[in-house]
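Participant: Structure incoming, see below.
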Amino acid sequence: MANYDFDRMIDRRGSGALKTDALKERYGNADLLPMWVADMDFATPPFIIDALRKRIEHPIFGYTIEPEDYWPTVQEWILSHHGWKTEREWLRYIPGIVKGIGMVINAFLKPDEKVIIQPPVYHPFRLVPEGNHREVVFNPLTENPDGSYSMDFENLETVCDEKCRLLILSNPHNPAGILWDAQTLRRLASFCHSRGIIVISDEIHCDMALWGLRHIPFASVSPEAAACSITFQAPSKTFNIAGIVSSYSIVPNPELRKVFYSYLKANEFDEAPIFAPIATIAAFREGEEWRRQMLSYVEGNIEYVISYCKDKIPAIKALRPQASFLVWLDCRGLGLSHSELVDLFVQKAGLALNDGAMFGHAGSGFMRLNVGCPRSTVVTAMERLRAAIEENIF
């Protein structure tokens with residue numbers, strides 16, 4: 001069994017990495033410690049690199065067909081990891097999950113129909129519908145006393161009207177790392193199915209459940225969920241291959257499938273580029289041990305952040321995620337306005353995080369920390385943050 005090195009520091013600057021090379025444009029300072037955009041600083045697993053290298057050795061990169069074992073490999077992974085038996089006709093390649101959201105909007109929604117989102121949540125859930133000139137309806141999550149979140153079904157009843165045609169679900173949830181339970185998902189499915197609302201379930205973090213927990217695919221919880229859902233998944237977050245666009249769609253309902261997959265086919269959006277199937281097959285066939293070791297390492301990083309905040313920065317509370325490498329930091333105890341909070345992290349601590357306000361009004365006073373990186377980077381970040389707080393606040 002291979003032992004993978006997640007402590008290895010890799011300099012990404014100058015590689016075209018958004019995480020490092022956009023710092024000057026996004027934050028005004030190219031020298032910040034980058035802990036924002038949701039990809040990891042771990043090397044892409046060697047078995048994926050080897051598979052890509054083998055193909056690169058052939059000197060022609062012309063039009064290609066999908067490998068015969070592409071979809072069977074994806075189906076086996078979904079079944080073995082999530083207990084969900086999918087049929088081949090349910091699956092299609094899509095050129096990115098955010099793009100997929102826009103495609104669903106344009107394939108199904110009339111100009112006057114609306115999209116429901118549940119903030120605080122991944123900001124393209126709002127930006128994509130708005131950019132496509134659809135009204136966004138907000139069904140904010142309820143913050144529980146322990147800092148976790150629940151869906152507010154009473155509010156959903158109130159805000160939903162006959163023009164609401166689509167709900168975008170973050171499952172697992174970004175930024176709070178929630179693994180939604182089956183009861184919640186069934187209740188949401190019943191609500192949406194009875195009103196003719198399509199649910200996009202963004203499950204890009206589904207293979208990153210932590211602490212021995214399991215992700216539950218939305219479409220798997222009930223016949224109603226299967227009938228009203230379009231699921232998006234990808235190996236990209238788990239195996240750190242976001243730059244190799246490797247997303248796919250799963251649609252059990254034949255009526256939804258006919259509309260959406262006809263739209264994809266007509267525009268050739270369902271044709272995977274040459275490296276996506278190769279990387280996906282390598283990840284899902286050979287990646288389980290790497291995935292387990294990576295998740296264990298990420299859990300250690302999360303534990304470090306939680307303990308550090310509790311012991312040395314008690315005004316900041318780190319919500320323990322149930323999935324992924326993103327930690328939702330509740331910084332409201334510092335007593336700062338949101339602009340002052342951003343200034344503290346960026347200008348005074350020299351850290352680039354995603355500020356909570358981008359995830360919706362309920363995110364004001366929060367910051368999203370990416371701990372998918374070597375432990376030494378996490379240690380440096382927390383020490384910088386503590387020093388900045390002590391120097392400027394207390």
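In the structure tokens, chains take the letters A, B, ... in the order shown, each chain's residues start at 1, and ligands count up from 1 in the order shown.
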Tell me, counting only C-alpha atoms, for each residue of segment 79-148 of chain A within 9 Å of segment 311-325 of chain A, which pair of atoms is nearest and how far apart they are in Å to one decimal, in rows ordered by chain and increasing number, as JSON lines.
Facilitator:
{"residue": "A:Asp146", "atom": "CA", "partner": "A:Leu319", "partner_atom": "CA", "distance": 8.7}
{"residue": "A:Gly147", "atom": "CA", "partner": "A:Leu319", "partner_atom": "CA", "distance": 6.6}
{"residue": "A:Ser148", "atom": "CA", "partner": "A:Leu319", "partner_atom": "CA", "distance": 7.2}
Participant: Determine which residues of segment 20-239 of chain A DSSP labels as strand (DSSP E) from the backbone of this structure, then write them out as an MDAnalysis selection string.
Facilitator: chainID A and resid 33:34 91:94 114:117 135:138 142:143 149:150 164:170 198:202 229:233
Participant: At a cut-off of 8 Å, using only C-alpha atoms, what residues contact Gly100 of chain A? Leave out same-chain residues fewer than 5 positions from it and give the result as a PDB file with N, CA and C atoms, in the first residue's frame.
Facilitator:
ATOM      1  N   ILE A  94     -21.205  16.586 -18.658  1.00  0.00           N
ATOM      2  CA  ILE A  94     -21.506  18.016 -18.751  1.00  0.00           C
ATOM      3  C   ILE A  94     -20.210  18.801 -18.566  1.00  0.00           C
ATOM      4  N   PRO A  95     -20.073  19.946 -19.216  1.00  0.00           N
ATOM      5  CA  PRO A  95     -18.805  20.698 -19.174  1.00  0.00           C
ATOM      6  C   PRO A  95     -18.676  21.605 -17.959  1.00  0.00           C
ATOM      7  N   PHE A 232     -25.817  16.478 -10.278  1.00  0.00           N
ATOM      8  CA  PHE A 232     -24.500  16.743 -10.844  1.00  0.00           C
ATOM      9  C   PHE A 232     -23.430  16.224  -9.881  1.00  0.00           C
TER      10      PHE A 232
END
Participant: List the neighbours of Gly177 of chain A out to 12 Å using only C-alpha atoms; skip same-chain residues closer than 5 positions along the sequence, and give me the result as an NGL selection string.
Facilitator: :A and (120-122 or 147-149 or 170-172 or 203-206 or 208-210 or 213 or 215 or 302 or 318-329 or 368-370)
Participant: How would the residues just picked look written out with C-alpha atoms as a CSV table (one decimal), in the first residue's frame?
Facilitator:
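Okay, this is what ended up in selection_37.csv:
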chain,number,residue,atom,x,y,z
A,120,PRO,CA,-25.8,30.9,2.9
A,121,VAL,CA,-24.8,28.9,-0.1
A,122,TYR,CA,-22.3,28.7,-3.0
A,147,GLY,CA,-23.9,26.7,14.7
A,148,SER,CA,-25.2,24.0,12.4
A,149,TYR,CA,-28.0,24.6,9.9
A,170,SER,CA,-26.1,22.0,-2.3
A,171,ASN,CA,-25.6,18.4,-1.2
A,172,PRO,CA,-23.1,18.2,0.6
A,203,GLU,CA,-23.1,16.8,-5.3
A,204,ILE,CA,-19.6,17.8,-6.3
A,205,HIS,CA,-18.3,17.2,-2.7
A,206,CYS,CA,-20.1,13.8,-2.4
A,208,MET,CA,-15.5,13.8,0.6
A,209,ALA,CA,-17.7,12.7,3.5
A,210,LEU,CA,-15.6,12.9,6.7
A,213,LEU,CA,-20.1,9.6,7.6
A,215,HIS,CA,-23.3,11.1,1.6
A,302,ILE,CA,-9.9,20.6,10.5
A,318,ALA,CA,-15.1,26.9,13.5
A,319,LEU,CA,-18.0,24.8,12.4
A,320,ARG,CA,-17.0,21.2,12.0
A,321,PRO,CA,-17.8,20.2,8.5
A,322,GLN,CA,-19.3,16.8,7.8
A,323,ALA,CA,-17.8,16.8,4.3
A,324,SER,CA,-15.1,18.5,2.2
A,325,PHE,CA,-12.1,20.6,3.0
A,326,LEU,CA,-13.9,23.9,3.6
A,327,VAL,CA,-14.3,25.2,7.2
A,328,TRP,CA,-17.0,27.8,7.9
A,329,LEU,CA,-15.6,30.3,10.4
A,368,ARG,CA,-14.7,30.3,4.5
A,369,LEU,CA,-11.3,28.7,5.0
A,370,ASN,CA,-9.8,26.1,2.7
Participant: With distances taken over only C-alpha atoms, which residue among A:Ile241, A:Ala279, A:Val305, A:Leu341 lies nearest Thr44 of chain A?
Facilitator: A:Ile241
Participant: For Trp36 of chain A, which residue among A:Asp343, A:Val98, A:Lys348, A:Asp355 is the nearest when counting only C-alpha atoms?
Facilitator: A:Asp355
Participant: Nearest to Asn139 of chain A among A:Lys265, A:His361, A:His338, A:Lys99, with distances taken over only C-alpha atoms: which residue is it?
Facilitator: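 Comparing A:Lys265, A:His361, A:His338, A:Lys99 against Asn139 of chain A, the winner is A:His361.
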